[in-house]
$ cat entry_30.txt   # compact mmCIF, C-alpha atoms and all ligand atoms
# COMPACT_ATOMS: atom_id res chain seq x y z
CA MET A 276 -35.75 -33.42 54.37
CA GLY A 277 -38.84 -35.41 53.21
CA LYS A 278 -38.66 -38.74 51.38
CA TYR A 279 -39.65 -37.31 47.97
CA LYS A 280 -36.89 -34.66 48.07
CA GLU A 281 -34.38 -37.24 49.29
CA GLU A 282 -35.17 -39.59 46.41
CA LYS A 283 -35.20 -36.71 43.89
CA ASN A 284 -31.71 -35.66 45.04
CA ALA A 285 -30.46 -39.26 44.83
CA VAL A 286 -31.85 -39.76 41.29
CA GLU A 287 -30.45 -36.41 40.11
CA LYS A 288 -27.05 -37.33 41.57
CA GLN A 289 -27.03 -40.54 39.49
CA ILE A 290 -27.95 -38.50 36.39
CA TRP A 291 -25.25 -35.86 36.92
CA ASP A 292 -22.67 -38.59 37.66
CA LEU A 293 -23.36 -39.98 34.16
CA ALA A 294 -22.35 -36.63 32.64
CA GLU A 295 -18.87 -36.89 34.24
CA ILE A 296 -18.59 -33.15 34.88
CA HIS A 297 -15.19 -31.91 36.09
CA SER A 298 -13.22 -28.68 36.24
CA CYS A 299 -11.85 -27.52 32.86
CA LEU A 300 -15.00 -28.81 31.12
CA ASN A 301 -16.74 -26.14 29.03
CA VAL A 302 -20.47 -26.74 29.30
CA LEU A 303 -23.35 -25.07 27.47
CA ASP A 304 -26.58 -25.20 29.50
CA ILE A 305 -29.74 -24.50 27.52
CA GLY A 306 -32.61 -22.67 29.26
CA ILE A 307 -32.00 -20.89 32.56
CA GLY A 308 -35.54 -21.14 33.99
CA ASN A 309 -37.00 -19.58 37.14
CA ASN A 310 -34.89 -21.66 39.50
CA PRO A 311 -31.60 -22.16 37.63
CA ASN A 312 -31.06 -25.68 39.03
CA SER A 313 -28.90 -27.08 36.25
CA ILE A 314 -26.57 -24.03 36.12
CA ILE A 315 -26.09 -24.15 39.91
CA LYS A 316 -25.37 -27.89 39.78
CA LEU A 317 -22.88 -27.51 36.89
CA ILE A 318 -21.03 -24.71 38.73
CA GLU A 319 -20.97 -26.82 41.90
CA LEU A 320 -19.45 -29.71 39.90
CA GLY A 321 -16.68 -27.39 38.71
CA ALA A 322 -17.62 -26.77 35.05
CA ASN A 323 -17.07 -23.52 33.16
CA VAL A 324 -20.68 -22.73 32.38
CA THR A 325 -22.26 -20.78 29.55
CA ALA A 326 -26.06 -20.70 29.67
CA ILE A 327 -28.62 -19.28 27.28
CA ASP A 328 -32.31 -18.45 27.51
CA ILE A 329 -34.76 -17.14 24.92
CA GLU A 330 -36.28 -14.86 27.61
CA LEU A 331 -34.16 -11.80 28.43
CA LYS A 332 -35.76 -11.60 31.91
CA LYS A 333 -34.31 -15.02 32.84
CA VAL A 334 -30.83 -13.85 31.83
CA GLU A 335 -31.08 -10.58 33.76
CA GLN A 336 -32.51 -12.22 36.92
CA ASN A 337 -29.51 -14.56 37.21
CA LYS A 338 -26.56 -12.23 36.54
CA HIS A 339 -25.17 -12.96 40.03
CA LEU A 340 -24.32 -16.57 39.03
CA ASP A 341 -20.72 -17.50 38.22
CA ALA A 342 -21.56 -18.31 34.58
CA ARG A 343 -21.60 -16.58 31.19
CA LEU A 344 -25.28 -15.88 30.51
CA ILE A 345 -26.47 -15.07 27.00
CA HIS A 346 -29.86 -14.08 25.60
CA ALA A 347 -30.28 -16.52 22.65
CA ASP A 348 -32.50 -19.09 20.96
CA VAL A 349 -31.27 -22.70 20.98
CA THR A 350 -32.34 -23.14 17.34
CA LYS A 351 -29.91 -20.33 16.29
CA LEU A 352 -26.92 -20.47 18.60
CA PRO A 353 -24.57 -17.46 18.52
CA PHE A 354 -21.38 -19.60 18.52
CA GLN A 355 -19.06 -20.20 15.57
CA GLY A 356 -17.81 -23.74 16.08
CA LYS A 357 -17.11 -26.47 18.64
CA GLU A 358 -16.70 -24.22 21.69
CA PHE A 359 -18.09 -26.72 24.22
CA ASP A 360 -17.27 -30.20 25.53
CA LEU A 361 -20.88 -30.80 26.52
CA SER A 362 -24.32 -29.26 25.95
CA VAL A 363 -27.08 -29.87 28.50
CA LEU A 364 -30.83 -29.92 27.84
CA PHE A 365 -32.12 -30.22 31.43
CA PHE A 366 -35.96 -30.16 31.28
CA ILE A 367 -36.07 -27.98 28.17
CA LEU A 368 -37.29 -29.73 25.03
CA HIS A 369 -40.84 -30.32 26.40
CA GLU A 370 -41.23 -26.51 26.15
CA ILE A 371 -40.08 -26.42 22.52
CA SER A 372 -42.20 -27.35 19.50
CA ASP A 373 -41.63 -30.88 18.08
CA LYS A 374 -40.88 -29.41 14.68
CA ASP A 375 -37.73 -27.74 16.11
CA HIS A 376 -36.34 -30.75 18.04
CA SER A 377 -34.18 -32.07 15.22
CA LYS A 378 -32.77 -28.58 14.55
CA VAL A 379 -31.89 -28.20 18.27
CA ILE A 380 -29.91 -31.46 18.27
CA GLU A 381 -28.15 -30.40 15.04
CA GLU A 382 -27.26 -27.00 16.56
CA LEU A 383 -25.94 -28.55 19.78
CA PHE A 384 -23.68 -30.96 17.91
CA ARG A 385 -22.47 -28.06 15.75
CA VAL A 386 -21.10 -26.36 18.89
CA SER A 387 -20.28 -29.32 21.19
CA ASP A 388 -18.97 -32.90 21.14
CA LYS A 389 -21.49 -34.36 23.53
CA VAL A 390 -25.15 -33.71 24.45
CA MET A 391 -27.10 -34.69 27.57
CA LEU A 392 -30.91 -34.58 27.52
CA VAL A 393 -33.05 -34.93 30.67
CA GLU A 394 -36.86 -34.99 30.31
CA PRO A 395 -39.96 -36.04 32.26
CA VAL A 396 -41.98 -39.09 31.19
CA PRO A 397 -45.57 -38.64 29.91
CA ASP A 398 -47.17 -41.40 31.96
CA GLY A 399 -47.64 -42.27 35.63
CA GLY A 400 -50.37 -42.62 38.27
CA GLU A 401 -53.80 -40.96 38.14
CA LEU A 402 -52.83 -37.94 40.26
CA TYR A 403 -49.63 -37.37 38.32
CA LEU A 404 -51.59 -37.43 35.04
CA GLU A 405 -53.97 -34.84 36.50
CA TYR A 406 -50.98 -32.70 37.54
CA TYR A 407 -49.53 -32.95 34.02
CA SER A 408 -52.88 -32.04 32.45
CA ILE A 409 -53.35 -28.92 34.66
CA PHE A 410 -49.77 -27.88 33.89
CA GLN A 411 -50.40 -28.25 30.15
CA GLY A 412 -53.49 -26.02 30.52
CA VAL A 413 -51.45 -23.41 32.42
CA MET A 414 -48.72 -23.31 29.77
CA ASP A 415 -51.23 -23.31 26.91
CA SER A 416 -53.05 -20.33 28.50
CA ILE A 417 -49.84 -18.26 28.32
CA GLY A 418 -48.94 -19.41 24.79
CA LYS A 419 -46.32 -21.97 25.84
CA ILE A 420 -45.87 -25.71 25.35
CA GLU A 421 -45.64 -28.52 27.94
CA LYS A 422 -45.33 -31.89 26.16
CA TYR A 423 -43.53 -34.94 27.57
CA ARG A 424 -42.29 -37.84 25.44
CA ALA A 425 -41.37 -41.51 25.86
CA LEU A 426 -37.71 -42.58 25.81
CA SER A 427 -38.18 -44.12 22.32
CA TYR A 428 -39.03 -40.66 20.89
CA TRP A 429 -35.75 -39.18 22.20
CA THR A 430 -33.68 -42.20 21.12
CA LYS A 431 -35.03 -41.79 17.58
CA LEU A 432 -34.28 -38.05 17.63
CA PHE A 433 -30.59 -38.77 18.29
CA ASN A 434 -30.47 -41.40 15.55
CA LYS A 435 -28.37 -39.35 13.13
CA PRO A 436 -25.21 -40.03 11.12
CA ASN A 437 -22.01 -39.46 13.19
CA ILE A 438 -23.89 -39.48 16.51
CA LYS A 439 -23.44 -42.38 18.93
CA LEU A 440 -25.77 -43.02 21.90
CA GLN A 441 -23.67 -43.42 25.03
CA HIS A 442 -26.53 -43.78 27.50
CA SER A 443 -30.31 -44.05 27.26
CA GLU A 444 -32.29 -44.82 30.42
CA THR A 445 -35.50 -44.10 32.32
CA PHE A 446 -34.88 -43.37 36.02
CA LYS A 447 -37.77 -44.54 38.21
CA PHE A 448 -39.30 -42.95 41.30
CA GLU A 449 -40.75 -45.11 44.09
CA ASP A 450 -41.45 -42.68 46.95
CA LYS A 451 -44.57 -40.52 47.09
CA LEU A 452 -44.88 -36.80 47.56
CA ILE A 453 -47.31 -36.69 50.53
CA ASP A 454 -48.26 -34.89 53.78
CA THR A 455 -46.36 -31.71 54.73
CA GLU A 456 -43.83 -32.18 51.91
CA ALA A 457 -46.72 -32.16 49.37
CA GLU A 458 -48.26 -29.14 51.08
CA GLU A 459 -45.01 -27.18 50.78
CA TYR A 460 -44.48 -28.29 47.17
CA PHE A 461 -47.97 -27.23 46.05
CA ASN A 462 -47.87 -23.96 48.04
CA ASP A 463 -44.69 -22.96 46.16
CA LEU A 464 -46.16 -24.12 42.85
CA ILE A 465 -49.43 -22.19 43.37
CA GLU A 466 -47.48 -19.06 44.39
CA TYR A 467 -45.45 -19.31 41.16
CA ILE A 468 -48.49 -20.04 38.94
CA THR A 469 -50.27 -17.01 40.44
CA THR A 470 -47.45 -14.74 39.21
CA LEU A 471 -48.14 -15.93 35.63
CA ASN A 472 -51.63 -14.35 35.66
CA VAL A 473 -53.29 -17.51 34.35
CA PRO A 474 -57.08 -18.07 34.52
CA GLU A 475 -58.28 -18.63 38.12
CA LYS A 476 -59.50 -22.12 37.12
CA TYR A 477 -55.92 -23.46 37.10
CA ILE A 478 -55.20 -22.09 40.58
CA SER A 479 -58.32 -23.80 41.97
CA ASP A 480 -57.52 -27.04 40.05
CA PHE A 481 -54.06 -27.10 41.67
CA LYS A 482 -55.58 -26.34 45.10
CA LYS A 483 -57.98 -29.31 44.71
CA LEU A 484 -55.13 -31.55 43.55
CA LYS A 485 -53.04 -30.38 46.51
CA SER A 486 -55.60 -31.73 49.05
CA GLU A 487 -55.70 -35.09 47.23
CA VAL A 488 -51.91 -35.36 47.09
CA VAL A 489 -51.45 -34.29 50.74
CA LYS A 490 -53.88 -37.07 51.73
CA ASN A 491 -53.09 -39.88 49.27
CA GLY A 492 -49.63 -39.07 47.90
CA MET A 493 -48.46 -38.75 44.29
CA THR A 494 -45.54 -40.49 42.64
CA PHE A 495 -43.77 -38.02 40.38
CA SER A 496 -42.80 -38.59 36.77
CA ASP A 497 -39.91 -40.91 35.99
CA ILE A 498 -37.04 -39.22 34.16
CA ASN A 499 -35.66 -40.01 30.70
CA VAL A 500 -31.95 -39.46 30.14
CA ILE A 501 -29.99 -39.59 26.90
CA ILE A 502 -26.27 -38.95 26.53
CA ALA A 503 -24.88 -38.95 23.01
CA GLU A 504 -21.62 -37.93 21.38
CA THR A 505 -20.12 -37.42 17.96
CA CYS A 506 -18.18 -40.30 16.44
C1 LIG B 601 -38.09 -25.58 32.59
S1 LIG B 601 -37.12 -24.20 32.31
C2 LIG B 601 -35.45 -24.61 32.57
C3 LIG B 601 -35.04 -25.54 33.58
C4 LIG B 601 -33.62 -25.38 34.06
N1 LIG B 601 -32.64 -25.98 33.17
C5 LIG B 601 -33.53 -26.01 35.43
O1 LIG B 601 -32.53 -26.62 35.72
O2 LIG B 601 -34.48 -25.89 36.20
C6 LIG B 601 -37.09 -24.02 30.55
C7 LIG B 601 -36.39 -22.78 30.07
O3 LIG B 601 -36.13 -22.92 28.67
C8 LIG B 601 -36.23 -21.64 28.08
N2 LIG B 601 -36.45 -21.80 26.63
C9 LIG B 601 -37.59 -22.17 26.01
N3 LIG B 601 -37.41 -22.18 24.67
C10 LIG B 601 -36.13 -21.81 24.45
C11 LIG B 601 -35.34 -21.61 23.27
N4 LIG B 601 -35.87 -21.80 22.04
N5 LIG B 601 -34.05 -21.24 23.41
C12 LIG B 601 -33.52 -21.03 24.65
N6 LIG B 601 -34.22 -21.18 25.80
C13 LIG B 601 -35.50 -21.57 25.70
C14 LIG B 601 -37.43 -21.03 28.81
O4 LIG B 601 -37.45 -19.61 28.70
C15 LIG B 601 -37.19 -21.51 30.24
O5 LIG B 601 -36.47 -20.57 30.99

$ encode --input "entry_30.txt" --output "structure tokens" --more "lines below"
Ligand SMILES: C[S@@+](CC[C@H](N)C(=O)[O-])C[C@H]1O[C@@H](n2cnc3c(N)ncnc32)[C@H](O)[C@@H]1O
Amino acid sequence: MGKYKEEKNAVEKQIWDLAEIHSCLNVLDIGIGNNPNSIIKLIELGANVTAIDIELKKVEQNKHLDARLIHADVTKLPFQGKEFDLSVLFFILHEISDKDHSKVIEELFRVSDKVMLVEPVPDGGELYLEYYSIFQGVMDSIGKIEKYRALSYWTKLFNKPNIKLQHSETFKFEDKLIDTEAEEYFNDLIEYITTLNVPEKYISDFKKLKSEVVKNGMTFSDINVIIAETC
């Protein structure tokens, strides 16, 4: 395993440890994604997992997972009351319009006692900022959003009556994605982006960035984490 992947795994372990997942915990995971990382991790940690996604395809592609998967929108959750101990927003809110963020937090506290949010940070080195900018172009070209926020934005979002912040921290990355590890990362990324039928420009922008990163290395985004609960 390369240094970047090793550090990523170590940072994610610290983040999941904060959530104190154990068997018997009912967890709602928002947004399944293409690689359902958070669902797989939650199952591995022993939780009873329910996950939702606004895209039916994402639900159907992941039926083999040992979780209850539901086609739903996080702004209108199909649950009556407090059915969950914890709700998880693992790399989700940057794909959802700012105007809906407050509603999402309200909905999650309507159905759970505790919420964990994990999001990338909007700043970093020159190559990372280029990566972020190409990604924003890709998402924009298919009518989607990709917008990262500082920790202060998320802290403010959780500043509501009867909600207490339990943890609020930015996890830092030191090691660079470089050499063969960067090559593999960008090859997978370019393969995925190609399936989205985006303008060719973005594929060639990522190919150019790949050569730079393979040669010089890129430090990935730090990660913002908030854990809050009702009081
Ligand atoms: C970056 S991916 C998910 C990442 C995933 N949690 C993981 O561990 O890799 C974001 C997902 O959120 C879903 N999503 C976007 N808006 C949503 C909404 N309003 N309600 C539910 N899911 C939504 C997208 O369809 C996408 O599958």

$ closest_residue --input "entry_30.txt" --among "A:Pro311, A:Gly356, A:Pro436, A:Gly412" --to "ligand LIG 601 (chain B)" --atoms "only C-alpha atoms and all ligand atoms"
A:Pro311

$ closest_residue --input "entry_30.txt" --among "A:Ile478, A:Leu402, A:Cys506, A:Leu392" --to "ligand LIG 601 (chain B)" --atoms "only C-alpha atoms and all ligand atoms"
A:Leu392

$ closest_residue --input "entry_30.txt" --among "A:Glu335, A:Glu370, A:Ile290, A:Tyr279" --to "ligand LIG 601 (chain B)" --atoms "all atoms listed in the file"
A:Glu370

$ atom_distance --input "entry_30.txt" --atom1 "CA of Pro353 (chain A)" --atom2 "CA of His369 (chain A)"
22.2 Å

$ closest_atom_pairs --input "entry_30.txt" --of "chain A" --to "ligand LIG 601 (chain B)" --cutoff "10 Å" --atoms "only C-alpha atoms and all ligand atoms" --output "CSV"
residue,atom,partner,partner_atom,distance
A:Asp304,CA,B:LIG601,N1,7.1
A:Ile305,CA,B:LIG601,N6,5.8
A:Gly306,CA,B:LIG601,O3,3.6
A:Ile307,CA,B:LIG601,O5,4.7
A:Gly308,CA,B:LIG601,O5,3.2
A:Asn309,CA,B:LIG601,O5,6.3
A:Asn310,CA,B:LIG601,O2,5.4
A:Pro311,CA,B:LIG601,C5,4.8
A:Asn312,CA,B:LIG601,O1,3.7
A:Ser313,CA,B:LIG601,O1,3.7
A:Ile314,CA,B:LIG601,O1,6.5
A:Ile315,CA,B:LIG601,O1,8.1
A:Lys316,CA,B:LIG601,O1,8.3
A:Leu317,CA,B:LIG601,O1,9.8
A:Ala326,CA,B:LIG601,C12,9.0
A:Ile327,CA,B:LIG601,C12,5.8
A:Asp328,CA,B:LIG601,N6,3.7
A:Ile329,CA,B:LIG601,C12,4.1
A:Glu330,CA,B:LIG601,O4,5.0
A:Leu331,CA,B:LIG601,O4,8.5
A:Lys332,CA,B:LIG601,O4,8.8
A:Lys333,CA,B:LIG601,O5,6.2
A:Val334,CA,B:LIG601,O5,8.8
A:Ile345,CA,B:LIG601,C12,9.5
A:His346,CA,B:LIG601,C12,7.9
A:Ala347,CA,B:LIG601,C12,5.9
A:Asp348,CA,B:LIG601,N5,3.6
A:Val349,CA,B:LIG601,N5,4.0
A:Thr350,CA,B:LIG601,N4,6.0
A:Lys351,CA,B:LIG601,N5,8.3
A:Leu352,CA,B:LIG601,N5,8.6
A:Val363,CA,B:LIG601,N1,8.2
A:Leu364,CA,B:LIG601,N1,6.9
A:Phe365,CA,B:LIG601,N1,4.6
A:Phe366,CA,B:LIG601,C1,5.2
A:Ile367,CA,B:LIG601,C6,4.7
A:Leu368,CA,B:LIG601,N3,7.6
A:His369,CA,B:LIG601,C1,8.3
A:Glu370,CA,B:LIG601,C9,5.7
A:Ile371,CA,B:LIG601,N3,5.5
A:Ser372,CA,B:LIG601,N3,8.7
A:Asp375,CA,B:LIG601,N4,8.6
A:His376,CA,B:LIG601,N4,9.8
A:Val379,CA,B:LIG601,N4,8.4
A:Val393,CA,B:LIG601,N1,9.3
A:Glu394,CA,B:LIG601,C1,9.8
A:Lys419,CA,B:LIG601,C9,8.7
A:Ile420,CA,B:LIG601,C9,9.0
A:Glu421,CA,B:LIG601,C1,9.3

$ closest_residue --input "entry_30.txt" --among "A:Leu464, A:Ile409, A:Val302, A:Ile501" --to "Lys476 (chain A)" --atoms "all atoms listed in the file"
A:Ile409

$ atom_distance --input "entry_30.txt" --atom1 "CA of Gln355 (chain A)" --atom2 "CA of Ala322 (chain A)"
20.6 Å

$ closest_residue --input "entry_30.txt" --among "A:Asn491, A:Asn337, A:Gln411, A:Ser298" --to "Glu458 (chain A)" --atoms "all atoms listed in the file"
A:Asn491

$ atom_distance --input "entry_30.txt" --atom1 "CA of Asn301 (chain A)" --atom2 "CA of Thr325 (chain A)"
7.7 Å

$ residues_near_point --input "entry_30.txt" --point "(-41.6, -40.0, 24.7)" --cutoff "12 Å" --atoms "only C-alpha atoms" --output "ChimeraX atom specification"
/A:368-369,373,393-398,422-432,444-445,497-501

$ closest_residue --input "entry_30.txt" --among "A:Thr470, A:Ser362, A:Asn437, A:Asn462" --to "Leu484 (chain A)" --atoms "only C-alpha atoms"
A:Asn462

$ residues_near_point --input "entry_30.txt" --point "(-20.0, -33.7, 35.3)" --cutoff "8 Å" --atoms "all atoms listed in the file" --output "list in words"
Trp291, Asp292, Leu293, Ala294, Glu295, Ile296, His297, Leu317, Leu320, Gly321 and Ala322 of chain A

$ residues_around --input "entry_30.txt" --residues "Glu401 (chain A)" --least-positions-apart "3" --cutoff "12 Å" --atoms "only C-alpha atoms" --output "compact mmCIF listing (two decimals) with C-alpha atoms, in the frame of the given file"
# COMPACT_ATOMS: atom_id res chain seq x y z
CA PRO A 397 -45.57 -38.64 29.91
CA ASP A 398 -47.17 -41.40 31.96
CA LEU A 404 -51.59 -37.43 35.04
CA GLU A 405 -53.97 -34.84 36.50
CA TYR A 406 -50.98 -32.70 37.54
CA TYR A 407 -49.53 -32.95 34.02
CA SER A 408 -52.88 -32.04 32.45
CA LEU A 484 -55.13 -31.55 43.55
CA GLU A 487 -55.70 -35.09 47.23
CA VAL A 488 -51.91 -35.36 47.09
CA ASN A 491 -53.09 -39.88 49.27
CA GLY A 492 -49.63 -39.07 47.90
CA MET A 493 -48.46 -38.75 44.29
CA THR A 494 -45.54 -40.49 42.64
CA PHE A 495 -43.77 -38.02 40.38
CA SER A 496 -42.80 -38.59 36.77
